[in-house]
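Heads up, coords10.pdb below (PDB, C-alpha atoms, pLDDT in the B column):
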ATOM      1  CA  MET A   3     -74.215 -63.804 -26.749  1.00 43.00           C
ATOM      2  CA  SER A   4     -75.335 -60.178 -26.335  1.00 38.00           C
ATOM      3  CA  SER A   5     -73.024 -57.265 -27.035  1.00 37.00           C
ATOM      4  CA  VAL A   6     -73.047 -56.396 -23.309  1.00 31.00           C
ATOM      5  CA  THR A   7     -72.000 -59.943 -22.399  1.00 31.00           C
ATOM      6  CA  LYS A   8     -69.248 -59.892 -25.040  1.00 32.00           C
ATOM      7  CA  THR A   9     -67.975 -56.555 -23.714  1.00 29.00           C
ATOM      8  CA  LEU A  10     -67.952 -57.863 -20.139  1.00 29.00           C
ATOM      9  CA  CYS A  11     -66.093 -61.017 -21.206  1.00 35.00           C
ATOM     10  CA  LEU A  12     -63.477 -58.982 -23.087  1.00 32.00           C
ATOM     11  CA  LEU A  13     -63.086 -56.608 -20.136  1.00 31.00           C
ATOM     12  CA  ALA A  14     -62.684 -59.519 -17.709  1.00 33.00           C
ATOM     13  CA  ALA A  15     -60.103 -61.146 -19.987  1.00 35.00           C
ATOM     14  CA  GLY A  16     -58.169 -57.875 -20.214  1.00 35.00           C
ATOM     15  CA  LEU A  17     -58.187 -57.459 -16.439  1.00 31.00           C
ATOM     16  CA  GLY A  18     -56.978 -61.020 -16.043  1.00 34.00           C
ATOM     17  CA  LEU A  19     -54.048 -60.364 -18.391  1.00 30.00           C
ATOM     18  CA  ALA A  20     -53.123 -57.190 -16.515  1.00 32.00           C
ATOM     19  CA  ALA A  21     -53.200 -59.021 -13.184  1.00 30.00           C
ATOM     20  CA  ALA A  22     -51.078 -61.836 -14.586  1.00 30.00           C
ATOM     21  CA  ALA A  23     -48.501 -59.364 -15.893  1.00 33.00           C
ATOM     22  CA  GLN A  24     -48.139 -57.836 -12.405  1.00 31.00           C
ATOM     23  CA  ALA A  25     -48.120 -61.133 -10.498  1.00 31.00           C
ATOM     24  CA  GLY A  26     -44.928 -62.652  -9.136  1.00 50.00           C
ATOM     25  CA  PRO A  27     -42.462 -59.733  -9.042  1.00 83.00           C
ATOM     26  CA  ALA A  28     -38.817 -60.671  -9.610  1.00 95.00           C
ATOM     27  CA  TRP A  29     -37.796 -58.534  -6.640  1.00 96.00           C
ATOM     28  CA  GLN A  30     -39.276 -57.000  -3.502  1.00 96.00           C
ATOM     29  CA  GLN A  31     -38.084 -54.077  -1.386  1.00 96.00           C
ATOM     30  CA  LEU A  32     -37.633 -55.163   2.247  1.00 96.00           C
ATOM     31  CA  GLY A  33     -36.619 -51.808   3.669  1.00 96.00           C
ATOM     32  CA  GLY A  34     -34.707 -48.621   3.195  1.00 96.00           C
ATOM     33  CA  GLN A  35     -32.427 -46.416   5.232  1.00 96.00           C
ATOM     34  CA  GLY A  36     -31.463 -43.070   3.719  1.00 95.00           C
ATOM     35  CA  ASP A  37     -30.150 -43.750   0.215  1.00 95.00           C
ATOM     36  CA  ARG A  38     -29.637 -47.474   0.982  1.00 98.00           C
ATOM     37  CA  TYR A  39     -32.227 -50.077  -0.037  1.00 98.00           C
ATOM     38  CA  PHE A  40     -32.637 -53.728   0.917  1.00 98.00           C
ATOM     39  CA  VAL A  41     -34.075 -56.055  -1.740  1.00 97.00           C
ATOM     40  CA  LEU A  42     -35.127 -59.690  -1.947  1.00 97.00           C
ATOM     41  CA  VAL A  43     -34.621 -61.171  -5.433  1.00 97.00           C
ATOM     42  CA  ASP A  44     -36.594 -64.220  -6.523  1.00 96.00           C
ATOM     43  CA  PRO A  45     -34.013 -67.065  -6.599  1.00 95.00           C
ATOM     44  CA  ALA A  46     -35.289 -67.998 -10.082  1.00 95.00           C
ATOM     45  CA  MET A  47     -34.000 -64.582 -11.244  1.00 95.00           C
ATOM     46  CA  ALA A  48     -30.660 -64.815  -9.417  1.00 93.00           C
ATOM     47  CA  GLN A  49     -28.617 -64.919 -12.648  1.00 91.00           C
ATOM     48  CA  ASP A  50     -30.564 -62.133 -14.388  1.00 93.00           C
ATOM     49  CA  ALA A  51     -28.576 -58.884 -14.063  1.00 93.00           C
ATOM     50  CA  ALA A  52     -31.513 -56.985 -15.589  1.00 94.00           C
ATOM     51  CA  THR A  53     -33.608 -57.808 -12.500  1.00 95.00           C
ATOM     52  CA  TYR A  54     -31.013 -56.199 -10.218  1.00 96.00           C
ATOM     53  CA  ARG A  55     -30.687 -53.171 -12.481  1.00 95.00           C
ATOM     54  CA  HIS A  56     -34.479 -52.794 -12.652  1.00 95.00           C
ATOM     55  CA  ALA A  57     -34.683 -52.739  -8.851  1.00 96.00           C
ATOM     56  CA  ALA A  58     -31.915 -50.119  -8.650  1.00 96.00           C
ATOM     57  CA  ALA A  59     -33.522 -47.957 -11.340  1.00 94.00           C
ATOM     58  CA  SER A  60     -36.875 -48.180  -9.547  1.00 95.00           C
ATOM     59  CA  LEU A  61     -35.528 -47.369  -6.078  1.00 96.00           C
ATOM     60  CA  CYS A  62     -32.672 -44.913  -6.612  1.00 96.00           C
ATOM     61  CA  LYS A  63     -33.509 -41.239  -6.921  1.00 94.00           C
ATOM     62  CA  PRO A  64     -31.988 -39.534  -9.997  1.00 92.00           C
ATOM     63  CA  GLY A  65     -28.707 -37.744  -9.343  1.00 92.00           C
ATOM     64  CA  ARG A  66     -28.367 -39.109  -5.778  1.00 95.00           C
ATOM     65  CA  THR A  67     -25.890 -41.506  -4.230  1.00 97.00           C
ATOM     66  CA  CYS A  68     -27.558 -44.891  -3.899  1.00 98.00           C
ATOM     67  CA  ILE A  69     -26.744 -48.357  -2.585  1.00 98.00           C
ATOM     68  CA  VAL A  70     -28.994 -51.347  -3.195  1.00 98.00           C
ATOM     69  CA  MET A  71     -28.225 -54.607  -1.375  1.00 98.00           C
ATOM     70  CA  TYR A  72     -29.696 -57.886  -2.649  1.00 98.00           C
ATOM     71  CA  TRP A  73     -30.504 -61.241  -1.051  1.00 98.00           C
ATOM     72  CA  HIS A  74     -32.103 -64.423  -2.415  1.00 97.00           C
ATOM     73  CA  ASP A  75     -33.024 -65.929   0.981  1.00 97.00           C
ATOM     74  CA  ARG A  76     -35.640 -64.076   3.038  1.00 96.00           C
ATOM     75  CA  ASN A  77     -34.282 -65.676   6.240  1.00 97.00           C
ATOM     76  CA  ALA A  78     -30.842 -64.132   5.631  1.00 97.00           C
ATOM     77  CA  ALA A  79     -32.065 -60.780   4.289  1.00 98.00           C
ATOM     78  CA  ALA A  80     -31.812 -57.420   6.028  1.00 97.00           C
ATOM     79  CA  SER A  81     -34.242 -54.525   6.133  1.00 97.00           C
ATOM     80  CA  LYS A  82     -31.953 -52.038   7.921  1.00 97.00           C
ATOM     81  CA  MET A  83     -28.356 -51.450   9.011  1.00 97.00           C
ATOM     82  CA  PRO A  84     -26.220 -52.688  10.633  1.00 97.00           C
ATOM     83  CA  LEU A  85     -26.092 -56.147   9.066  1.00 97.00           C
ATOM     84  CA  SER A  86     -25.769 -59.195  11.276  1.00 97.00           C
ATOM     85  CA  ALA A  87     -23.144 -61.829  10.412  1.00 97.00           C
ATOM     86  CA  VAL A  88     -25.887 -63.990   8.831  1.00 97.00           C
ATOM     87  CA  GLN A  89     -27.166 -61.072   6.749  1.00 98.00           C
ATOM     88  CA  ALA A  90     -23.659 -60.106   5.599  1.00 96.00           C
ATOM     89  CA  ALA A  91     -22.928 -63.716   4.622  1.00 95.00           C
ATOM     90  CA  GLY A  92     -26.248 -63.961   2.752  1.00 96.00           C
ATOM     91  CA  LEU A  93     -25.704 -60.776   0.712  1.00 97.00           C
ATOM     92  CA  GLN A  94     -25.642 -61.837  -2.956  1.00 97.00           C
ATOM     93  CA  ALA A  95     -25.122 -58.573  -4.831  1.00 97.00           C
ATOM     94  CA  GLN A  96     -24.748 -54.841  -4.343  1.00 97.00           C
ATOM     95  CA  TYR A  97     -25.387 -51.898  -6.644  1.00 97.00           C
ATOM     96  CA  THR A  98     -23.621 -48.602  -5.891  1.00 97.00           C
ATOM     97  CA  ARG A  99     -24.030 -45.279  -7.652  1.00 97.00           C
ATOM     98  CA  THR A 100     -21.918 -42.226  -6.793  1.00 96.00           C
ATOM     99  CA  PRO A 101     -22.915 -39.252  -8.975  1.00 93.00           C
ATOM    100  CA  ALA A 102     -20.013 -37.083  -7.730  1.00 92.00           C
ATOM    101  CA  THR A 103     -17.535 -39.411  -9.466  1.00 93.00           C
ATOM    102  CA  GLY A 104     -19.852 -40.768 -12.138  1.00 90.00           C
ATOM    103  CA  GLY A 105     -19.333 -44.236 -10.693  1.00 93.00           C
ATOM    104  CA  GLU A 106     -21.919 -46.976 -11.011  1.00 94.00           C
ATOM    105  CA  ARG A 107     -21.245 -50.653 -10.165  1.00 95.00           C
ATOM    106  CA  LEU A 108     -23.212 -53.846  -9.808  1.00 95.00           C
ATOM    107  CA  LEU A 109     -21.157 -56.504  -8.027  1.00 94.00           C
ATOM    108  CA  PHE A 110     -22.197 -60.100  -7.364  1.00 94.00           C
ATOM    109  CA  ARG A 111     -20.994 -62.460  -4.629  1.00 92.00           C
ATOM    110  CA  CYS A 112     -17.528 -63.824  -5.498  1.00 87.00           C
ATOM    111  CA  ARG A 113     -17.444 -67.324  -6.915  1.00 78.00           C
ATOM    112  CA  SER A 114     -14.514 -69.653  -7.352  1.00 71.00           C
ATOM    113  CA  GLY A 115     -12.227 -68.173  -9.986  1.00 68.00           C
ATOM    114  CA  SER A 116     -13.604 -64.618  -9.679  1.00 67.00           C
ATOM    115  CA  GLN A 117     -11.108 -61.822 -10.166  1.00 69.00           C
ATOM    116  CA  PRO A 118     -10.461 -59.653  -7.076  1.00 65.00           C
ATOM    117  CA  GLY A 119     -12.231 -56.292  -7.301  1.00 71.00           C
ATOM    118  CA  ALA A 120     -14.784 -57.636  -9.794  1.00 77.00           C
ATOM    119  CA  CYS A 121     -17.076 -59.078  -7.128  1.00 84.00           C
ATOM    120  CA  LEU A 122     -18.242 -58.725  -3.525  1.00 85.00           C
ATOM    121  CA  GLN A 123     -15.681 -60.158  -1.116  1.00 73.00           C
TER
END
What does the file become when written as structure tokens?
Amino acid sequence: MSSVTKTLCLLAAGLGLAAAAQAGPAWQQLGGQGDRYFVLVDPAMAQDAATYRHAAASLCKPGRTCIVMYWHDRNAAASKMPLSAVQAAGLQAQYTRTPATGGERLLFRCRSGSQPGACLQ
């Protein structure tokens, strides 16, 4: 194999690895309205809080109030306000940051046995 062929093979392999690393995002932005963002999370990542935090960190502008709303089902997801009854029922998590008070919260849909105030109602 010539050195040019080897170089091309290595370059192609490297490009393939880069493409694989970017394939299949854990979340996707569906829309935005002011400082509010609407996100679809891959259901396989539904229990991974880091996925939700990554989306918030990627979308929210530093030092600004921000709300990120998350769904797992594209058919129940919103891309703008106001939410329909189906969209509100399908909401799985919400991140809120309020710089004026230093508040930052990531709440998930309440499950049986959840403590009030520790989850989305």
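Residues in contact range of stretch 95-109 of chain A, defined as at most 7 Å between only C-alpha atoms, with sequence neighbours fewer than 6 positions away removed, read Gly65, Arg66, Thr67, Cys68, Ile69, Val70, Met71, Tyr72, Ala120, Cys121 and Leu122 of chain A.
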Contacts of stretch 39-55 of chain A at 10 Å (all atoms listed in the file; same-chain gap of 3+ positions) as an MDAnalysis selection string
chainID A and resid 26:36 58:62 68:76 78:83 93:97 108:110
Could those residues be written to a file, using C-alpha atoms, as a PDB file, keeping the file's coordinate frame?
ATOM      1  CA  GLY A  26     -44.928 -62.652  -9.136  1.00 50.00           C
ATOM      2  CA  PRO A  27     -42.462 -59.733  -9.042  1.00 83.00           C
ATOM      3  CA  ALA A  28     -38.817 -60.671  -9.610  1.00 95.00           C
ATOM      4  CA  TRP A  29     -37.796 -58.534  -6.640  1.00 96.00           C
ATOM      5  CA  GLN A  30     -39.276 -57.000  -3.502  1.00 96.00           C
ATOM      6  CA  GLN A  31     -38.084 -54.077  -1.386  1.00 96.00           C
ATOM      7  CA  LEU A  32     -37.633 -55.163   2.247  1.00 96.00           C
ATOM      8  CA  GLY A  33     -36.619 -51.808   3.669  1.00 96.00           C
ATOM      9  CA  GLY A  34     -34.707 -48.621   3.195  1.00 96.00           C
ATOM     10  CA  GLN A  35     -32.427 -46.416   5.232  1.00 96.00           C
ATOM     11  CA  GLY A  36     -31.463 -43.070   3.719  1.00 95.00           C
ATOM     12  CA  ALA A  58     -31.915 -50.119  -8.650  1.00 96.00           C
ATOM     13  CA  ALA A  59     -33.522 -47.957 -11.340  1.00 94.00           C
ATOM     14  CA  SER A  60     -36.875 -48.180  -9.547  1.00 95.00           C
ATOM     15  CA  LEU A  61     -35.528 -47.369  -6.078  1.00 96.00           C
ATOM     16  CA  CYS A  62     -32.672 -44.913  -6.612  1.00 96.00           C
ATOM     17  CA  CYS A  68     -27.558 -44.891  -3.899  1.00 98.00           C
ATOM     18  CA  ILE A  69     -26.744 -48.357  -2.585  1.00 98.00           C
ATOM     19  CA  VAL A  70     -28.994 -51.347  -3.195  1.00 98.00           C
ATOM     20  CA  MET A  71     -28.225 -54.607  -1.375  1.00 98.00           C
ATOM     21  CA  TYR A  72     -29.696 -57.886  -2.649  1.00 98.00           C
ATOM     22  CA  TRP A  73     -30.504 -61.241  -1.051  1.00 98.00           C
ATOM     23  CA  HIS A  74     -32.103 -64.423  -2.415  1.00 97.00           C
ATOM     24  CA  ASP A  75     -33.024 -65.929   0.981  1.00 97.00           C
ATOM     25  CA  ARG A  76     -35.640 -64.076   3.038  1.00 96.00           C
ATOM     26  CA  ALA A  78     -30.842 -64.132   5.631  1.00 97.00           C
ATOM     27  CA  ALA A  79     -32.065 -60.780   4.289  1.00 98.00           C
ATOM     28  CA  ALA A  80     -31.812 -57.420   6.028  1.00 97.00           C
ATOM     29  CA  SER A  81     -34.242 -54.525   6.133  1.00 97.00           C
ATOM     30  CA  LYS A  82     -31.953 -52.038   7.921  1.00 97.00           C
ATOM     31  CA  MET A  83     -28.356 -51.450   9.011  1.00 97.00           C
ATOM     32  CA  LEU A  93     -25.704 -60.776   0.712  1.00 97.00           C
ATOM     33  CA  GLN A  94     -25.642 -61.837  -2.956  1.00 97.00           C
ATOM     34  CA  ALA A  95     -25.122 -58.573  -4.831  1.00 97.00           C
ATOM     35  CA  GLN A  96     -24.748 -54.841  -4.343  1.00 97.00           C
ATOM     36  CA  TYR A  97     -25.387 -51.898  -6.644  1.00 97.00           C
ATOM     37  CA  LEU A 108     -23.212 -53.846  -9.808  1.00 95.00           C
ATOM     38  CA  LEU A 109     -21.157 -56.504  -8.027  1.00 94.00           C
ATOM     39  CA  PHE A 110     -22.197 -60.100  -7.364  1.00 94.00           C
TER      40      PHE A 110
END
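Going from atom CA of A:His56 over to atom CA of A:Gly92, you cover 20.7 Å.
Between atom CA of A:Asp37 and atom CA of A:Ala91 the separation is 21.7 Å.
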